[in-house]
Structures are given as structure tokens and as C-alpha cells.
file target_24.cif (mmCIF, N, CA and C atoms)
data_model
#
loop_
_atom_site.group_PDB
_atom_site.id
_atom_site.type_symbol
_atom_site.label_atom_id
_atom_site.label_comp_id
_atom_site.auth_asym_id
_atom_site.auth_seq_id
_atom_site.Cartn_x
_atom_site.Cartn_y
_atom_site.Cartn_z
ATOM 1 N N MET A 8 -34.559 -55.252 60.017
ATOM 2 C CA MET A 8 -34.610 -56.436 59.213
ATOM 3 C C MET A 8 -33.224 -56.708 58.643
ATOM 4 N N LYS A 9 -32.792 -57.957 58.638
ATOM 5 C CA LYS A 9 -31.496 -58.335 58.091
ATOM 6 C C LYS A 9 -31.663 -58.739 56.632
ATOM 7 N N HIS A 10 -30.665 -58.441 55.849
ATOM 8 C CA HIS A 10 -30.686 -58.808 54.437
ATOM 9 C C HIS A 10 -29.422 -59.557 54.104
ATOM 10 N N LEU A 11 -29.573 -60.645 53.412
ATOM 11 C CA LEU A 11 -28.427 -61.381 52.907
ATOM 12 C C LEU A 11 -28.407 -61.252 51.399
ATOM 13 N N ILE A 12 -27.366 -60.676 50.894
ATOM 14 C CA ILE A 12 -27.131 -60.620 49.465
ATOM 15 C C ILE A 12 -25.765 -61.250 49.277
ATOM 16 N N GLY A 13 -25.736 -62.396 48.633
ATOM 17 C CA GLY A 13 -24.504 -63.168 48.577
ATOM 18 C C GLY A 13 -24.205 -63.683 49.962
ATOM 19 N N ASN A 14 -23.003 -63.470 50.415
ATOM 20 C CA ASN A 14 -22.605 -63.897 51.757
ATOM 21 C C ASN A 14 -22.508 -62.727 52.717
ATOM 22 N N THR A 15 -23.095 -61.598 52.375
ATOM 23 C CA THR A 15 -22.962 -60.398 53.186
ATOM 24 C C THR A 15 -24.279 -60.076 53.879
ATOM 25 N N ASP A 16 -24.188 -59.771 55.154
ATOM 26 C CA ASP A 16 -25.353 -59.420 55.965
ATOM 27 C C ASP A 16 -25.376 -57.907 56.144
ATOM 28 N N PHE A 17 -26.418 -57.243 55.640
ATOM 29 C CA PHE A 17 -26.517 -55.794 55.726
ATOM 30 C C PHE A 17 -27.453 -55.406 56.855
ATOM 31 N N LYS A 18 -26.968 -54.518 57.719
ATOM 32 C CA LYS A 18 -27.742 -54.031 58.858
ATOM 33 C C LYS A 18 -27.697 -52.513 58.860
ATOM 34 N N GLY A 19 -28.288 -51.905 59.850
ATOM 35 C CA GLY A 19 -28.225 -50.458 60.021
ATOM 36 C C GLY A 19 -28.855 -49.718 58.862
ATOM 37 N N LEU A 20 -28.308 -48.545 58.554
ATOM 38 C CA LEU A 20 -28.861 -47.700 57.505
ATOM 39 C C LEU A 20 -28.875 -48.420 56.164
ATOM 40 N N LEU A 21 -27.797 -49.105 55.820
ATOM 41 C CA LEU A 21 -27.757 -49.800 54.536
ATOM 42 C C LEU A 21 -28.853 -50.850 54.457
ATOM 43 N N GLY A 22 -29.038 -51.627 55.506
ATOM 44 C CA GLY A 22 -30.102 -52.621 55.532
ATOM 45 C C GLY A 22 -31.469 -51.988 55.376
ATOM 46 N N GLU A 23 -31.662 -50.857 56.027
ATOM 47 C CA GLU A 23 -32.935 -50.130 55.947
ATOM 48 C C GLU A 23 -33.190 -49.635 54.524
ATOM 49 N N LEU A 24 -32.161 -49.070 53.898
ATOM 50 C CA LEU A 24 -32.313 -48.580 52.534
ATOM 51 C C LEU A 24 -32.568 -49.727 51.558
ATOM 52 N N ILE A 25 -31.892 -50.844 51.772
ATOM 53 C CA ILE A 25 -32.110 -52.015 50.923
ATOM 54 C C ILE A 25 -33.545 -52.493 51.045
ATOM 55 N N ASP A 26 -34.045 -52.556 52.272
ATOM 56 C CA ASP A 26 -35.418 -52.991 52.514
ATOM 57 C C ASP A 26 -36.405 -52.116 51.751
ATOM 58 N N LYS A 27 -36.207 -50.819 51.813
ATOM 59 C CA LYS A 27 -37.093 -49.879 51.134
ATOM 60 C C LYS A 27 -36.966 -50.033 49.609
ATOM 61 N N ALA A 28 -35.743 -50.175 49.118
ATOM 62 C CA ALA A 28 -35.518 -50.278 47.675
ATOM 63 C C ALA A 28 -36.129 -51.544 47.096
ATOM 64 N N ILE A 29 -36.002 -52.638 47.793
ATOM 65 C CA ILE A 29 -36.540 -53.904 47.296
ATOM 66 C C ILE A 29 -38.056 -53.839 47.192
ATOM 67 N N SER A 30 -38.701 -53.144 48.115
ATOM 68 C CA SER A 30 -40.154 -53.015 48.046
ATOM 69 C C SER A 30 -40.555 -52.245 46.791
ATOM 70 N N GLY A 31 -39.735 -51.273 46.400
ATOM 71 C CA GLY A 31 -39.939 -50.546 45.158
ATOM 72 C C GLY A 31 -41.028 -49.495 45.155
ATOM 73 N N ASN A 32 -41.705 -49.287 46.258
ATOM 74 C CA ASN A 32 -42.762 -48.274 46.290
ATOM 75 C C ASN A 32 -42.178 -46.880 46.091
ATOM 76 N N TYR A 33 -42.936 -46.023 45.416
ATOM 77 C CA TYR A 33 -42.416 -44.688 45.112
ATOM 78 C C TYR A 33 -42.114 -43.893 46.367
ATOM 79 N N TYR A 34 -42.903 -44.068 47.439
ATOM 80 C CA TYR A 34 -42.637 -43.298 48.653
ATOM 81 C C TYR A 34 -41.383 -43.798 49.360
ATOM 82 N N TYR A 35 -40.979 -45.027 49.101
ATOM 83 C CA TYR A 35 -39.703 -45.492 49.631
ATOM 84 C C TYR A 35 -38.539 -44.908 48.833
ATOM 85 N N VAL A 36 -38.750 -44.676 47.549
ATOM 86 C CA VAL A 36 -37.733 -43.974 46.766
ATOM 87 C C VAL A 36 -37.551 -42.572 47.341
ATOM 88 N N ASP A 37 -38.651 -41.918 47.721
ATOM 89 C CA ASP A 37 -38.546 -40.612 48.378
ATOM 90 C C ASP A 37 -37.692 -40.713 49.636
ATOM 91 N N TYR A 38 -37.938 -41.736 50.433
ATOM 92 C CA TYR A 38 -37.183 -41.924 51.675
ATOM 93 C C TYR A 38 -35.691 -42.086 51.362
ATOM 94 N N ILE A 39 -35.386 -42.889 50.360
ATOM 95 C CA ILE A 39 -33.979 -43.113 49.995
ATOM 96 C C ILE A 39 -33.350 -41.812 49.506
ATOM 97 N N MET A 40 -34.039 -41.101 48.635
ATOM 98 C CA MET A 40 -33.493 -39.874 48.059
ATOM 99 C C MET A 40 -33.299 -38.779 49.106
ATOM 100 N N LYS A 41 -34.092 -38.792 50.162
ATOM 101 C CA LYS A 41 -33.925 -37.787 51.214
ATOM 102 C C LYS A 41 -32.572 -37.901 51.914
ATOM 103 N N HIS A 42 -31.896 -39.025 51.737
ATOM 104 C CA HIS A 42 -30.571 -39.193 52.329
ATOM 105 C C HIS A 42 -29.472 -38.535 51.493
ATOM 106 N N LEU A 43 -29.835 -38.009 50.328
ATOM 107 C CA LEU A 43 -28.867 -37.324 49.472
ATOM 108 C C LEU A 43 -29.005 -35.820 49.654
ATOM 109 N N THR A 44 -28.070 -35.254 50.377
ATOM 110 C CA THR A 44 -28.020 -33.817 50.580
ATOM 111 C C THR A 44 -26.585 -33.360 50.363
ATOM 112 N N CYS A 45 -26.376 -32.061 50.327
ATOM 113 C CA CYS A 45 -25.013 -31.541 50.176
ATOM 114 C C CYS A 45 -24.158 -31.854 51.403
ATOM 115 N N GLU A 46 -24.795 -32.286 52.480
ATOM 116 C CA GLU A 46 -24.069 -32.629 53.706
ATOM 117 C C GLU A 46 -23.953 -34.131 53.926
ATOM 118 N N SER A 47 -24.365 -34.936 52.947
ATOM 119 C CA SER A 47 -24.305 -36.393 53.091
ATOM 120 C C SER A 47 -22.855 -36.863 53.173
ATOM 121 N N TYR A 48 -22.633 -37.829 54.044
ATOM 122 C CA TYR A 48 -21.323 -38.466 54.121
ATOM 123 C C TYR A 48 -21.115 -39.325 52.883
ATOM 124 N N PHE A 49 -19.870 -39.518 52.513
ATOM 125 C CA PHE A 49 -19.555 -40.339 51.348
ATOM 126 C C PHE A 49 -20.170 -41.731 51.479
ATOM 127 N N ALA A 50 -20.058 -42.329 52.654
ATOM 128 C CA ALA A 50 -20.621 -43.672 52.859
ATOM 129 C C ALA A 50 -22.127 -43.677 52.605
ATOM 130 N N THR A 51 -22.807 -42.644 53.039
ATOM 131 C CA THR A 51 -24.257 -42.567 52.821
ATOM 132 C C THR A 51 -24.571 -42.517 51.332
ATOM 133 N N THR A 52 -23.795 -41.772 50.564
ATOM 134 C CA THR A 52 -24.050 -41.711 49.123
ATOM 135 C C THR A 52 -23.835 -43.071 48.473
ATOM 136 N N ARG A 53 -22.870 -43.823 48.963
ATOM 137 C CA ARG A 53 -22.621 -45.181 48.436
ATOM 138 C C ARG A 53 -23.784 -46.104 48.807
ATOM 139 N N PHE A 54 -24.286 -45.971 50.024
ATOM 140 C CA PHE A 54 -25.437 -46.773 50.455
ATOM 141 C C PHE A 54 -26.645 -46.482 49.572
ATOM 142 N N VAL A 55 -26.893 -45.196 49.325
ATOM 143 C CA VAL A 55 -28.029 -44.799 48.498
ATOM 144 C C VAL A 55 -27.858 -45.331 47.078
ATOM 145 N N ASP A 56 -26.673 -45.194 46.527
ATOM 146 C CA ASP A 56 -26.406 -45.669 45.180
ATOM 147 C C ASP A 56 -26.680 -47.175 45.081
ATOM 148 N N PHE A 57 -26.208 -47.929 46.057
ATOM 149 C CA PHE A 57 -26.433 -49.372 46.052
ATOM 150 C C PHE A 57 -27.917 -49.681 46.196
ATOM 151 N N ALA A 58 -28.578 -49.027 47.122
ATOM 152 C CA ALA A 58 -30.006 -49.281 47.342
ATOM 153 C C ALA A 58 -30.810 -48.961 46.085
ATOM 154 N N LEU A 59 -30.528 -47.840 45.457
ATOM 155 C CA LEU A 59 -31.259 -47.492 44.241
ATOM 156 C C LEU A 59 -31.078 -48.549 43.162
ATOM 157 N N SER A 60 -29.916 -49.166 43.117
ATOM 158 C CA SER A 60 -29.672 -50.193 42.094
ATOM 159 C C SER A 60 -30.607 -51.388 42.249
ATOM 160 N N LEU A 61 -31.237 -51.522 43.402
ATOM 161 C CA LEU A 61 -32.141 -52.641 43.665
ATOM 162 C C LEU A 61 -33.595 -52.339 43.320
ATOM 163 N N VAL A 62 -33.899 -51.092 42.994
ATOM 164 C CA VAL A 62 -35.274 -50.717 42.648
ATOM 165 C C VAL A 62 -35.595 -51.295 41.280
ATOM 166 N N SER A 63 -36.649 -52.110 41.224
ATOM 167 C CA SER A 63 -37.042 -52.709 39.948
ATOM 168 C C SER A 63 -38.539 -52.543 39.656
ATOM 169 N N ASP A 64 -39.305 -52.088 40.630
ATOM 170 C CA ASP A 64 -40.730 -51.850 40.445
ATOM 171 C C ASP A 64 -40.922 -50.616 39.560
ATOM 172 N N GLN A 65 -41.841 -50.682 38.604
ATOM 173 C CA GLN A 65 -42.030 -49.576 37.660
ATOM 174 C C GLN A 65 -42.393 -48.271 38.365
ATOM 175 N N LYS A 66 -43.192 -48.338 39.423
ATOM 176 C CA LYS A 66 -43.535 -47.113 40.155
ATOM 177 C C LYS A 66 -42.295 -46.505 40.798
ATOM 178 N N GLY A 67 -41.399 -47.343 41.292
ATOM 179 C CA GLY A 67 -40.148 -46.857 41.854
ATOM 180 C C GLY A 67 -39.259 -46.243 40.790
ATOM 181 N N ILE A 68 -39.195 -46.886 39.627
ATOM 182 C CA ILE A 68 -38.402 -46.364 38.513
ATOM 183 C C ILE A 68 -38.964 -45.018 38.064
ATOM 184 N N ASP A 69 -40.281 -44.929 37.972
ATOM 185 C CA ASP A 69 -40.907 -43.656 37.600
ATOM 186 C C ASP A 69 -40.573 -42.562 38.606
ATOM 187 N N ARG A 70 -40.505 -42.940 39.874
ATOM 188 C CA ARG A 70 -40.188 -41.942 40.910
ATOM 189 C C ARG A 70 -38.731 -41.500 40.807
ATOM 190 N N ILE A 71 -37.851 -42.420 40.471
ATOM 191 C CA ILE A 71 -36.445 -42.044 40.265
ATOM 192 C C ILE A 71 -36.361 -41.063 39.098
ATOM 193 N N GLU A 72 -37.105 -41.328 38.032
ATOM 194 C CA GLU A 72 -37.134 -40.406 36.897
ATOM 195 C C GLU A 72 -37.670 -39.040 37.327
ATOM 196 N N TYR A 73 -38.657 -39.017 38.206
ATOM 197 C CA TYR A 73 -39.176 -37.761 38.745
ATOM 198 C C TYR A 73 -38.037 -36.938 39.358
ATOM 199 N N TYR A 74 -37.162 -37.595 40.104
ATOM 200 C CA TYR A 74 -36.052 -36.882 40.747
ATOM 201 C C TYR A 74 -35.056 -36.332 39.732
ATOM 202 N N LEU A 75 -34.955 -36.957 38.569
ATOM 203 C CA LEU A 75 -34.077 -36.446 37.531
ATOM 204 C C LEU A 75 -34.496 -35.041 37.119
ATOM 205 N N PHE A 76 -35.783 -34.770 37.151
ATOM 206 C CA PHE A 76 -36.302 -33.472 36.721
ATOM 207 C C PHE A 76 -36.664 -32.536 37.869
ATOM 208 N N ASN A 77 -36.853 -33.082 39.070
ATOM 209 C CA ASN A 77 -37.371 -32.262 40.173
ATOM 210 C C ASN A 77 -36.532 -32.297 41.440
ATOM 211 N N GLY A 78 -35.485 -33.071 41.470
ATOM 212 C CA GLY A 78 -34.684 -33.196 42.680
ATOM 213 C C GLY A 78 -33.619 -32.120 42.787
ATOM 214 N N THR A 79 -32.897 -32.174 43.879
ATOM 215 C CA THR A 79 -31.721 -31.308 44.038
ATOM 216 C C THR A 79 -30.649 -31.802 43.077
ATOM 217 N N GLN A 80 -29.569 -31.069 42.960
ATOM 218 C CA GLN A 80 -28.512 -31.471 42.027
ATOM 219 C C GLN A 80 -27.991 -32.872 42.347
ATOM 220 N N ILE A 81 -27.724 -33.160 43.602
ATOM 221 C CA ILE A 81 -27.199 -34.470 43.954
ATOM 222 C C ILE A 81 -28.241 -35.570 43.688
ATOM 223 N N GLN A 82 -29.498 -35.288 43.928
ATOM 224 C CA GLN A 82 -30.552 -36.264 43.634
ATOM 225 C C GLN A 82 -30.674 -36.485 42.135
ATOM 226 N N ARG A 83 -30.565 -35.420 41.352
ATOM 227 C CA ARG A 83 -30.601 -35.563 39.894
ATOM 228 C C ARG A 83 -29.435 -36.404 39.407
ATOM 229 N N ASN A 84 -28.260 -36.196 40.001
ATOM 230 C CA ASN A 84 -27.084 -36.960 39.591
ATOM 231 C C ASN A 84 -27.262 -38.454 39.847
ATOM 232 N N TYR A 85 -27.787 -38.804 41.010
ATOM 233 C CA TYR A 85 -27.966 -40.230 41.317
ATOM 234 C C TYR A 85 -29.121 -40.836 40.526
ATOM 235 N N ALA A 86 -30.148 -40.057 40.245
ATOM 236 C CA ALA A 86 -31.226 -40.532 39.378
ATOM 237 C C ALA A 86 -30.677 -40.797 37.975
ATOM 238 N N CYS A 87 -29.840 -39.903 37.506
ATOM 239 C CA CYS A 87 -29.221 -40.057 36.195
ATOM 240 C C CYS A 87 -28.365 -41.318 36.142
ATOM 241 N N LEU A 88 -27.564 -41.541 37.166
ATOM 242 C CA LEU A 88 -26.744 -42.760 37.219
ATOM 243 C C LEU A 88 -27.615 -44.003 37.139
ATOM 244 N N TYR A 89 -28.677 -44.014 37.918
ATOM 245 C CA TYR A 89 -29.577 -45.167 37.917
ATOM 246 C C TYR A 89 -30.143 -45.409 36.517
ATOM 247 N N LEU A 90 -30.667 -44.360 35.903
ATOM 248 C CA LEU A 90 -31.289 -44.504 34.598
ATOM 249 C C LEU A 90 -30.280 -44.928 33.536
ATOM 250 N N ASN A 91 -29.082 -44.335 33.549
ATOM 251 C CA ASN A 91 -28.049 -44.734 32.596
ATOM 252 C C ASN A 91 -27.659 -46.199 32.771
ATOM 253 N N ARG A 92 -27.483 -46.614 34.004
ATOM 254 C CA ARG A 92 -27.088 -48.011 34.263
ATOM 255 C C ARG A 92 -28.154 -49.001 33.813
ATOM 256 N N ASN A 93 -29.392 -48.534 33.758
ATOM 257 C CA ASN A 93 -30.496 -49.396 33.342
ATOM 258 C C ASN A 93 -30.932 -49.111 31.904
ATOM 259 N N THR A 94 -30.069 -48.460 31.168
ATOM 260 C CA THR A 94 -30.263 -48.124 29.755
ATOM 261 C C THR A 94 -31.600 -47.434 29.481
ATOM 262 N N ILE A 95 -31.982 -46.532 30.366
ATOM 263 C CA ILE A 95 -33.183 -45.715 30.189
ATOM 264 C C ILE A 95 -32.678 -44.315 29.811
ATOM 265 N N PHE A 96 -32.317 -44.163 28.550
ATOM 266 C CA PHE A 96 -31.593 -42.976 28.109
ATOM 267 C C PHE A 96 -32.463 -41.782 27.738
ATOM 268 N N GLU A 97 -33.682 -42.007 27.302
ATOM 269 C CA GLU A 97 -34.512 -40.904 26.812
ATOM 270 C C GLU A 97 -34.694 -39.779 27.839
ATOM 271 N N PRO A 98 -35.077 -40.094 29.092
ATOM 272 C CA PRO A 98 -35.224 -38.998 30.059
ATOM 273 C C PRO A 98 -33.889 -38.330 30.396
ATOM 274 N N VAL A 99 -32.812 -39.088 30.348
ATOM 275 C CA VAL A 99 -31.486 -38.508 30.629
ATOM 276 C C VAL A 99 -31.140 -37.473 29.563
ATOM 277 N N LEU A 100 -31.369 -37.815 28.312
ATOM 278 C CA LEU A 100 -31.084 -36.866 27.227
ATOM 279 C C LEU A 100 -31.980 -35.636 27.325
ATOM 280 N N LYS A 101 -33.221 -35.835 27.708
ATOM 281 C CA LYS A 101 -34.142 -34.700 27.885
ATOM 282 C C LYS A 101 -33.650 -33.788 29.017
ATOM 283 N N ALA A 102 -33.235 -34.401 30.145
ATOM 284 C CA ALA A 102 -32.724 -33.610 31.274
ATOM 285 C C ALA A 102 -31.461 -32.853 30.874
ATOM 286 N N PHE A 103 -30.609 -33.480 30.068
ATOM 287 C CA PHE A 103 -29.407 -32.809 29.574
ATOM 288 C C PHE A 103 -29.781 -31.619 28.688
ATOM 289 N N ASP A 104 -30.724 -31.835 27.778
ATOM 290 C CA ASP A 104 -31.165 -30.752 26.893
ATOM 291 C C ASP A 104 -31.766 -29.585 27.675
ATOM 292 N N LEU A 105 -32.401 -29.892 28.811
ATOM 293 C CA LEU A 105 -32.996 -28.854 29.660
ATOM 294 C C LEU A 105 -31.970 -28.183 30.582
ATOM 295 N N GLY A 106 -30.733 -28.681 30.576
ATOM 296 C CA GLY A 106 -29.690 -28.111 31.419
ATOM 297 C C GLY A 106 -29.757 -28.541 32.873
ATOM 298 N N LEU A 107 -30.477 -29.625 33.152
ATOM 299 C CA LEU A 107 -30.613 -30.102 34.536
ATOM 300 C C LEU A 107 -29.421 -30.939 34.986
ATOM 301 N N ILE A 108 -28.723 -31.524 34.038
ATOM 302 C CA ILE A 108 -27.502 -32.281 34.323
ATOM 303 C C ILE A 108 -26.458 -31.864 33.292
ATOM 304 N N ASP A 109 -25.200 -32.028 33.640
ATOM 305 C CA ASP A 109 -24.147 -31.658 32.703
ATOM 306 C C ASP A 109 -23.770 -32.845 31.821
ATOM 307 N N GLU A 110 -22.898 -32.580 30.860
ATOM 308 C CA GLU A 110 -22.499 -33.610 29.895
ATOM 309 C C GLU A 110 -21.820 -34.795 30.564
ATOM 310 N N ILE A 111 -20.989 -34.526 31.548
ATOM 311 C CA ILE A 111 -20.302 -35.612 32.244
ATOM 312 C C ILE A 111 -21.309 -36.522 32.916
ATOM 313 N N GLN A 112 -22.271 -35.942 33.604
ATOM 314 C CA GLN A 112 -23.284 -36.738 34.287
ATOM 315 C C GLN A 112 -24.169 -37.478 33.291
ATOM 316 N N ALA A 113 -24.517 -36.831 32.217
ATOM 317 C CA ALA A 113 -25.410 -37.436 31.222
ATOM 318 C C ALA A 113 -24.836 -38.701 30.623
ATOM 319 N N TYR A 114 -23.520 -38.779 30.548
ATOM 320 C CA TYR A 114 -22.897 -39.943 29.904
ATOM 321 C C TYR A 114 -22.162 -40.845 30.889
ATOM 322 N N SER A 115 -22.340 -40.632 32.168
ATOM 323 C CA SER A 115 -21.680 -41.477 33.161
ATOM 324 C C SER A 115 -22.531 -42.688 33.496
ATOM 325 N N ARG A 116 -21.872 -43.727 33.978
ATOM 326 C CA ARG A 116 -22.581 -44.937 34.378
ATOM 327 C C ARG A 116 -21.977 -45.430 35.653
#

call {"tool": "encode", "arguments": {"input": "target_24.cif", "output": "C-alpha cells"}}
result
Amino acid sequence: MKHLIGNTDFKGLLGELIDKAISGNYYYVDYIMKHLTCESYFATTRFVDFALSLVSDQKGIDRIEYYLFNGTQIQRNYACLYLNRNTIFEPVLKAFDLGLIDEIQAYSR
């Protein structure tokens, strides 16, 4: 599926991640987060970060919060970024207090 955001046409993996993120279903958040591993290419992490920014469905947001507490370190970091950017600070502070993210991550946007 092709996506137009502004004047840009997204295809391939980025288009696929955007499609999943826009739907907002929690299982699509799982699909997006599975692309974050210690072996992920830098471009893939940027694609995931952008796609996550498009999640607006409450079930999707709840699933991102789930990853803050239950994901791998890289998944927790990107969940934290998402929540901070959307001013959802309470779970971020809780994750920081639990030692799941460091101070730099807790206050990054």
C-alpha cells in the first residue's frame, strides 16, 4: 500500500510500518516493535520511530506503554520516546523509578 504524507510517497518497509501504525491496533504495535533489536540497522530504527509517532489509537498507546515495562532495552527506549513526546509522563517516571530506563532516556524527547 502506498502512503502519501505531505508530498512524500512511502513504500517498502517504511510504508508497511506506517500502514500498521495508522491502524493503531495493539498487535500492529507488536509487529512494529519486533523490528527493534540489537541488530537493527539505523534506518530501521528511524522507520520505527516515525511509524510509532503515528499511533493514536488508545489500544496502540497502551501497547506502547506495555513495551516500556516489558520490552527489550531498545524497545523500552523507543516506547519512552513515544510517551515523552506525547506528554504521557507518569509511566515514564514509574519505569525510571523501577530502573527500567536511565535518567537520560527518561528525560529525552

call {"tool": "resolve_selection", "arguments": {"input": "target_24.cif", "expression": "the PyMOL selection byres ((chain A and resi 87-101) around 8)", "output": "ChimeraX atom specification"}}
result
/A:56,59-60,71-72,74-76,81-86,102-108,112-116

call {"tool": "resolve_selection", "arguments": {"input": "target_24.cif", "expression": "the PyMOL selection byres (((chain A and resi 38 and name CA) around 12) and name CA)", "output": "tab-separated table (two decimals) with N, CA and C atoms, in the frame of the given file"}}
result
chain	number	residue	atom	x	y	z
A	20	LEU	N	-28.31	-48.54	58.55
A	20	LEU	CA	-28.86	-47.70	57.50
A	20	LEU	C	-28.88	-48.42	56.16
A	23	GLU	N	-31.66	-50.86	56.03
A	23	GLU	CA	-32.94	-50.13	55.95
A	23	GLU	C	-33.19	-49.64	54.52
A	24	LEU	N	-32.16	-49.07	53.90
A	24	LEU	CA	-32.31	-48.58	52.53
A	24	LEU	C	-32.57	-49.73	51.56
A	25	ILE	N	-31.89	-50.84	51.77
A	25	ILE	CA	-32.11	-52.02	50.92
A	25	ILE	C	-33.54	-52.49	51.04
A	26	ASP	N	-34.04	-52.56	52.27
A	26	ASP	CA	-35.42	-52.99	52.51
A	26	ASP	C	-36.40	-52.12	51.75
A	27	LYS	N	-36.21	-50.82	51.81
A	27	LYS	CA	-37.09	-49.88	51.13
A	27	LYS	C	-36.97	-50.03	49.61
A	28	ALA	N	-35.74	-50.18	49.12
A	28	ALA	CA	-35.52	-50.28	47.68
A	28	ALA	C	-36.13	-51.54	47.10
A	31	GLY	N	-39.74	-51.27	46.40
A	31	GLY	CA	-39.94	-50.55	45.16
A	31	GLY	C	-41.03	-49.50	45.16
A	32	ASN	N	-41.70	-49.29	46.26
A	32	ASN	CA	-42.76	-48.27	46.29
A	32	ASN	C	-42.18	-46.88	46.09
A	33	TYR	N	-42.94	-46.02	45.42
A	33	TYR	CA	-42.42	-44.69	45.11
A	33	TYR	C	-42.11	-43.89	46.37
A	34	TYR	N	-42.90	-44.07	47.44
A	34	TYR	CA	-42.64	-43.30	48.65
A	34	TYR	C	-41.38	-43.80	49.36
A	35	TYR	N	-40.98	-45.03	49.10
A	35	TYR	CA	-39.70	-45.49	49.63
A	35	TYR	C	-38.54	-44.91	48.83
A	36	VAL	N	-38.75	-44.68	47.55
A	36	VAL	CA	-37.73	-43.97	46.77
A	36	VAL	C	-37.55	-42.57	47.34
A	37	ASP	N	-38.65	-41.92	47.72
A	37	ASP	CA	-38.55	-40.61	48.38
A	37	ASP	C	-37.69	-40.71	49.64
A	39	ILE	N	-35.39	-42.89	50.36
A	39	ILE	CA	-33.98	-43.11	50.00
A	39	ILE	C	-33.35	-41.81	49.51
A	40	MET	N	-34.04	-41.10	48.64
A	40	MET	CA	-33.49	-39.87	48.06
A	40	MET	C	-33.30	-38.78	49.11
A	41	LYS	N	-34.09	-38.79	50.16
A	41	LYS	CA	-33.92	-37.79	51.21
A	41	LYS	C	-32.57	-37.90	51.91
A	42	HIS	N	-31.90	-39.02	51.74
A	42	HIS	CA	-30.57	-39.19	52.33
A	42	HIS	C	-29.47	-38.53	51.49
A	43	LEU	N	-29.84	-38.01	50.33
A	43	LEU	CA	-28.87	-37.32	49.47
A	43	LEU	C	-29.00	-35.82	49.65
A	55	VAL	N	-26.89	-45.20	49.32
A	55	VAL	CA	-28.03	-44.80	48.50
A	55	VAL	C	-27.86	-45.33	47.08
A	58	ALA	N	-28.58	-49.03	47.12
A	58	ALA	CA	-30.01	-49.28	47.34
A	58	ALA	C	-30.81	-48.96	46.08
A	59	LEU	N	-30.53	-47.84	45.46
A	59	LEU	CA	-31.26	-47.49	44.24
A	59	LEU	C	-31.08	-48.55	43.16
A	67	GLY	N	-41.40	-47.34	41.29
A	67	GLY	CA	-40.15	-46.86	41.85
A	67	GLY	C	-39.26	-46.24	40.79
A	70	ARG	N	-40.51	-42.94	39.87
A	70	ARG	CA	-40.19	-41.94	40.91
A	70	ARG	C	-38.73	-41.50	40.81
A	71	ILE	N	-37.85	-42.42	40.47
A	71	ILE	CA	-36.44	-42.04	40.26
A	71	ILE	C	-36.36	-41.06	39.10
A	82	GLN	N	-29.50	-35.29	43.93
A	82	GLN	CA	-30.55	-36.26	43.63
A	82	GLN	C	-30.67	-36.48	42.14

call {"tool": "select_by_dssp", "arguments": {"input": "target_24.cif", "residues": "chain A", "states": "strand (DSSP E or B)", "output": "ChimeraX atom specification"}}
result
/A:10-12,15-17

call {"tool": "select_by_dssp", "arguments": {"input": "target_24.cif", "residues": "stretch 12-91 of chain A", "states": "alpha helix (DSSP H)", "output": "number ranges by chain"}}
result
A: 19-30, 33-40, 49-59, 65-77, 80-91

call {"tool": "decode", "arguments": {"input": "target_24.cif", "residues": "stretch 17-41 of chain A", "atoms": "C-alpha atoms", "output": "PDB file, in the first residue's frame"}}
result
ATOM      1  CA  PHE A  17       6.384   5.954   1.365  1.00  0.00           C
ATOM      2  CA  LYS A  18       6.875   2.408   0.100  1.00  0.00           C
ATOM      3  CA  GLY A  19       8.664  -0.725   1.254  1.00  0.00           C
ATOM      4  CA  LEU A  20       9.279  -1.325   4.943  1.00  0.00           C
ATOM      5  CA  LEU A  21       8.527   2.271   5.917  1.00  0.00           C
ATOM      6  CA  GLY A  22       5.205   2.181   4.072  1.00  0.00           C
ATOM      7  CA  GLU A  23       4.356  -1.117   5.746  1.00  0.00           C
ATOM      8  CA  LEU A  24       5.176   0.220   9.206  1.00  0.00           C
ATOM      9  CA  ILE A  25       3.165   3.375   8.550  1.00  0.00           C
ATOM     10  CA  ASP A  26       0.184   1.287   7.464  1.00  0.00           C
ATOM     11  CA  LYS A  27       0.335  -0.741  10.666  1.00  0.00           C
ATOM     12  CA  ALA A  28       0.837   2.339  12.873  1.00  0.00           C
ATOM     13  CA  ILE A  29      -2.080   4.247  11.393  1.00  0.00           C
ATOM     14  CA  SER A  30      -4.404   1.326  12.082  1.00  0.00           C
ATOM     15  CA  GLY A  31      -3.317   1.575  15.721  1.00  0.00           C
ATOM     16  CA  ASN A  32      -4.165  -1.995  16.696  1.00  0.00           C
ATOM     17  CA  TYR A  33      -2.072  -3.347  19.552  1.00  0.00           C
ATOM     18  CA  TYR A  34      -0.905  -6.358  17.530  1.00  0.00           C
ATOM     19  CA  TYR A  35       0.417  -3.989  14.881  1.00  0.00           C
ATOM     20  CA  VAL A  36       2.405  -2.222  17.586  1.00  0.00           C
ATOM     21  CA  ASP A  37       3.880  -5.661  18.336  1.00  0.00           C
ATOM     22  CA  TYR A  38       4.789  -6.012  14.661  1.00  0.00           C
ATOM     23  CA  ILE A  39       6.462  -2.592  14.642  1.00  0.00           C
ATOM     24  CA  MET A  40       8.353  -3.219  17.884  1.00  0.00           C
ATOM     25  CA  LYS A  41       9.675  -6.553  16.604  1.00  0.00           C
TER      26      LYS A  41
END
